[in-house]
Amino acid sequence: QVQLVESGGGMVQAGGSLRLSCAASGRTFTMNAMGWFRQAPGKEREFVSFMTWNGDTTYYKDSVKGRFTISRDSAKNTVYLEMNSLKPEDTAVYYCAASFRYYTYLSDYATARAYDYWGQGTQVTVSS
């Protein structure tokens, strides 16, 4: 069993920054990737970014490329999402997720079905 706890959400003005954290605990030693997803009111959950746990690969949704950066501290079993130049359309509940699955095509980690465990979510609100 794995537990994921997100933190760092909040309210900022457009153009501002936030840093989300997701701490994993439990049986994490075979984790293959961690990702961030978000869900805005009335919309489906969407992929934002993932990182393979060995750090070799990162992947981003097109609309956040150049603004968001995913990183990890493997010693702390923590993944981060640095969000800069935030826009009102970034407003959503952000979820981190952990995958213990192996995929030949790494792009498969950009789908929610690839993940086995989810955090409780943290609200990000960007005002115009």
# chains A, B, ... in the order shown; residues from 1 in each chain; ligands from 1
$ residues_around --residues "Tyr105 in chain A" --least-positions-apart "3" --cutoff "12 Å" --atoms "only C-alpha atoms" --output "ChimeraX atom specification"
/A:52,57,101-102,108-111,114
$ write_last_selection --atoms "N, CA, C and O atoms" --output "short mmCIF file (atom, residue, chain, number, x, y, z; two decimals), in the first residue's frame"
data_model
loop_
_atom_site.label_atom_id
_atom_site.label_comp_id
_atom_site.auth_asym_id
_atom_site.auth_seq_id
_atom_site.Cartn_x
_atom_site.Cartn_y
_atom_site.Cartn_z
N THR A 52 9.54 9.70 -14.77
CA THR A 52 9.93 8.35 -14.38
C THR A 52 10.76 8.44 -13.11
O THR A 52 11.50 9.41 -12.91
N THR A 57 13.20 10.56 -17.57
CA THR A 57 12.21 11.10 -18.49
C THR A 57 11.21 11.98 -17.77
O THR A 57 10.70 11.62 -16.71
N ARG A 101 3.48 0.34 -12.66
CA ARG A 101 3.36 -0.44 -13.90
C ARG A 101 4.52 -0.12 -14.82
O ARG A 101 5.08 0.97 -14.79
N TYR A 102 4.82 -1.10 -15.66
CA TYR A 102 5.88 -0.89 -16.64
C TYR A 102 5.26 -0.74 -18.02
O TYR A 102 4.42 -1.55 -18.42
N ASP A 108 2.55 6.35 -22.30
CA ASP A 108 1.41 5.75 -21.60
C ASP A 108 1.25 6.28 -20.19
O ASP A 108 0.15 6.23 -19.63
N TYR A 109 2.33 6.79 -19.61
CA TYR A 109 2.22 7.38 -18.27
C TYR A 109 1.48 8.71 -18.28
O TYR A 109 1.25 9.31 -17.23
N ALA A 110 1.11 9.18 -19.44
CA ALA A 110 0.33 10.42 -19.54
C ALA A 110 -1.16 10.15 -19.46
O ALA A 110 -1.96 11.04 -19.73
N THR A 111 -1.53 8.94 -19.10
CA THR A 111 -2.94 8.59 -18.96
C THR A 111 -3.22 8.17 -17.52
O THR A 111 -2.39 7.54 -16.86
N ALA A 114 -2.74 4.57 -16.04
CA ALA A 114 -1.40 4.06 -15.77
C ALA A 114 -1.06 4.07 -14.28
O ALA A 114 -0.06 3.49 -13.87
#
$ select_by_dssp --residues "chain A" --states "helix (DSSP H, G or I)" --output "ChimeraX atom specification"
/A:62-64,74-76,88-90,106-110,112-114
$ write_last_selection --atoms "N, CA, C and O atoms" --output "mmCIF file, in the first residue's frame"
data_model
loop_
_atom_site.group_PDB
_atom_site.id
_atom_site.type_symbol
_atom_site.label_atom_id
_atom_site.label_comp_id
_atom_site.auth_asym_id
_atom_site.auth_seq_id
_atom_site.Cartn_x
_atom_site.Cartn_y
_atom_site.Cartn_z
ATOM 1 N N ASP A 62 1.071 19.993 -23.322
ATOM 2 C CA ASP A 62 1.571 21.075 -24.167
ATOM 3 C C ASP A 62 1.334 22.446 -23.551
ATOM 4 O O ASP A 62 2.196 23.329 -23.619
ATOM 5 N N SER A 63 0.190 22.648 -22.947
ATOM 6 C CA SER A 63 -0.164 23.983 -22.468
ATOM 7 C C SER A 63 0.634 24.416 -21.238
ATOM 8 O O SER A 63 0.590 25.587 -20.853
ATOM 9 N N VAL A 64 1.379 23.498 -20.618
ATOM 10 C CA VAL A 64 2.167 23.876 -19.448
ATOM 11 C C VAL A 64 3.668 23.838 -19.725
ATOM 12 O O VAL A 64 4.465 24.208 -18.859
ATOM 13 N N SER A 74 14.426 11.801 -4.495
ATOM 14 C CA SER A 74 14.231 10.370 -4.284
ATOM 15 C C SER A 74 14.493 9.970 -2.834
ATOM 16 O O SER A 74 13.891 9.029 -2.331
ATOM 17 N N ALA A 75 15.370 10.679 -2.161
ATOM 18 C CA ALA A 75 15.658 10.358 -0.762
ATOM 19 C C ALA A 75 14.444 10.603 0.119
ATOM 20 O O ALA A 75 14.256 9.941 1.144
ATOM 21 N N LYS A 76 13.615 11.560 -0.291
ATOM 22 C CA LYS A 76 12.414 11.900 0.485
ATOM 23 C C LYS A 76 11.160 11.297 -0.127
ATOM 24 O O LYS A 76 10.052 11.530 0.369
ATOM 25 N N PRO A 88 -5.345 31.867 -15.339
ATOM 26 C CA PRO A 88 -6.634 31.474 -14.759
ATOM 27 C C PRO A 88 -7.081 30.077 -15.190
ATOM 28 O O PRO A 88 -7.708 29.356 -14.403
ATOM 29 N N GLU A 89 -6.728 29.686 -16.396
ATOM 30 C CA GLU A 89 -7.124 28.357 -16.886
ATOM 31 C C GLU A 89 -6.358 27.223 -16.214
ATOM 32 O O GLU A 89 -6.658 26.048 -16.433
ATOM 33 N N ASP A 90 -5.371 27.551 -15.391
ATOM 34 C CA ASP A 90 -4.680 26.531 -14.609
ATOM 35 C C ASP A 90 -5.440 26.202 -13.325
ATOM 36 O O ASP A 90 -5.054 25.279 -12.593
ATOM 37 N N LEU A 106 6.671 5.208 -22.986
ATOM 38 C CA LEU A 106 6.576 6.051 -21.803
ATOM 39 C C LEU A 106 5.402 7.009 -21.865
ATOM 40 O O LEU A 106 4.907 7.453 -20.836
ATOM 41 N N SER A 107 4.955 7.330 -23.071
ATOM 42 C CA SER A 107 3.813 8.234 -23.190
ATOM 43 C C SER A 107 2.560 7.654 -22.538
ATOM 44 O O SER A 107 1.613 8.388 -22.246
ATOM 45 N N ASP A 108 2.552 6.353 -22.298
ATOM 46 C CA ASP A 108 1.408 5.750 -21.604
ATOM 47 C C ASP A 108 1.248 6.275 -20.190
ATOM 48 O O ASP A 108 0.154 6.233 -19.632
ATOM 49 N N TYR A 109 2.327 6.794 -19.605
ATOM 50 C CA TYR A 109 2.222 7.375 -18.268
ATOM 51 C C TYR A 109 1.481 8.711 -18.280
ATOM 52 O O TYR A 109 1.252 9.306 -17.232
ATOM 53 N N ALA A 110 1.113 9.184 -19.444
ATOM 54 C CA ALA A 110 0.335 10.417 -19.538
ATOM 55 C C ALA A 110 -1.162 10.149 -19.462
ATOM 56 O O ALA A 110 -1.962 11.042 -19.732
ATOM 57 N N ALA A 112 -4.419 8.482 -17.059
ATOM 58 C CA ALA A 112 -4.774 8.197 -15.669
ATOM 59 C C ALA A 112 -4.770 6.707 -15.373
ATOM 60 O O ALA A 112 -4.454 6.284 -14.254
ATOM 61 N N ARG A 113 -5.081 5.884 -16.382
ATOM 62 C CA ARG A 113 -5.162 4.445 -16.163
ATOM 63 C C ARG A 113 -3.810 3.825 -15.822
ATOM 64 O O ARG A 113 -3.736 2.691 -15.373
ATOM 65 N N ALA A 114 -2.735 4.575 -16.042
ATOM 66 C CA ALA A 114 -1.398 4.056 -15.766
ATOM 67 C C ALA A 114 -1.062 4.073 -14.280
ATOM 68 O O ALA A 114 -0.062 3.488 -13.865
#
$ select_by_dssp --residues "chain A" --states "strand (DSSP E)" --output "JSON, numbers by chain"
{"A": [2, 3, 4, 5, 6, 7, 10, 11, 12, 13, 18, 19, 20, 21, 22, 23, 24, 25, 26, 33, 34, 35, 36, 37, 38, 39, 46, 47, 48, 49, 50, 51, 52, 58, 59, 60, 68, 69, 70, 71, 72, 73, 78, 79, 80, 81, 82, 83, 92, 93, 94, 95, 96, 97, 98, 99, 117, 118, 122, 123, 124, 125, 126, 127]}
$ closest_residue --among "A:Met51, A:Met34, A:Ala23, A:Ala14" --to "Asn84 in chain A" --atoms "only C-alpha atoms"
A:Ala14
$ residues_around --residues "Tyr95 in chain A" --least-positions-apart "3" --cutoff "6 Å" --atoms "only C-alpha atoms" --output "ChimeraX atom specification"
/A:36-38,119,121
$ write_last_selection --atoms "C-alpha atoms" --output "PDB file, in the first residue's frame"
ATOM      1  CA  TRP A  36       0.427  15.164 -11.777  1.00  0.00           C
ATOM      2  CA  PHE A  37      -3.121  15.502 -13.024  1.00  0.00           C
ATOM      3  CA  ARG A  38      -5.717  18.217 -12.550  1.00  0.00           C
ATOM      4  CA  GLY A 119      -3.422  11.648  -3.508  1.00  0.00           C
ATOM      5  CA  GLY A 121      -5.774  16.629  -4.252  1.00  0.00           C
TER       6      GLY A 121
END
$ residues_around --residues "Gln1 in chain A" --least-positions-apart "6" --cutoff "10 Å" --atoms "only C-alpha atoms" --output "ChimeraX atom specification"
/A:25-28,116-117
$ write_last_selection --atoms "all heavy atoms" --output "short mmCIF file (atom, residue, chain, number, x, y, z; two decimals), in the first residue's frame"
data_model
loop_
_atom_site.label_atom_id
_atom_site.label_comp_id
_atom_site.auth_asym_id
_atom_site.auth_seq_id
_atom_site.Cartn_x
_atom_site.Cartn_y
_atom_site.Cartn_z
N SER A 25 4.64 7.51 0.76
CA SER A 25 5.08 6.64 1.85
C SER A 25 4.49 5.26 1.65
O SER A 25 3.53 5.07 0.91
CB SER A 25 4.67 7.22 3.21
OG SER A 25 3.26 7.33 3.29
N GLY A 26 5.09 4.29 2.33
CA GLY A 26 4.64 2.92 2.18
C GLY A 26 5.57 2.15 1.27
O GLY A 26 6.77 2.40 1.23
N ARG A 27 5.03 1.24 0.51
CA ARG A 27 5.83 0.36 -0.34
C ARG A 27 6.18 1.04 -1.66
O ARG A 27 5.63 0.74 -2.71
CB ARG A 27 5.07 -0.93 -0.60
CG ARG A 27 4.78 -1.74 0.66
CD ARG A 27 3.91 -2.92 0.35
NE ARG A 27 4.55 -3.80 -0.63
CZ ARG A 27 4.92 -5.04 -0.40
NH1 ARG A 27 4.72 -5.56 0.78
NH2 ARG A 27 5.48 -5.76 -1.33
N THR A 28 7.12 1.97 -1.60
CA THR A 28 7.46 2.78 -2.77
C THR A 28 8.65 2.28 -3.55
O THR A 28 8.98 2.82 -4.60
CB THR A 28 7.76 4.22 -2.32
OG1 THR A 28 8.89 4.20 -1.44
CG2 THR A 28 6.57 4.85 -1.61
N ASP A 116 -1.64 3.72 -10.06
CA ASP A 116 -2.23 2.81 -9.10
C ASP A 116 -2.71 3.50 -7.83
O ASP A 116 -3.62 3.01 -7.16
CB ASP A 116 -1.20 1.74 -8.72
CG ASP A 116 -0.67 1.00 -9.94
OD1 ASP A 116 -1.43 0.18 -10.48
OD2 ASP A 116 0.48 1.27 -10.35
N TYR A 117 -2.07 4.59 -7.48
CA TYR A 117 -2.40 5.29 -6.24
C TYR A 117 -2.51 6.79 -6.53
O TYR A 117 -1.77 7.33 -7.35
CB TYR A 117 -1.33 5.05 -5.17
CG TYR A 117 -1.21 3.61 -4.76
CD1 TYR A 117 -0.26 2.78 -5.35
CD2 TYR A 117 -2.06 3.07 -3.79
CE1 TYR A 117 -0.17 1.45 -5.00
CE2 TYR A 117 -1.96 1.74 -3.43
CZ TYR A 117 -1.02 0.94 -4.03
OH TYR A 117 -0.92 -0.38 -3.68
#
$ closest_residue --among "A:Val5, A:Val126, A:Val93, A:Ala33" --to "Arg72 in chain A" --atoms "only C-alpha atoms"
A:Ala33
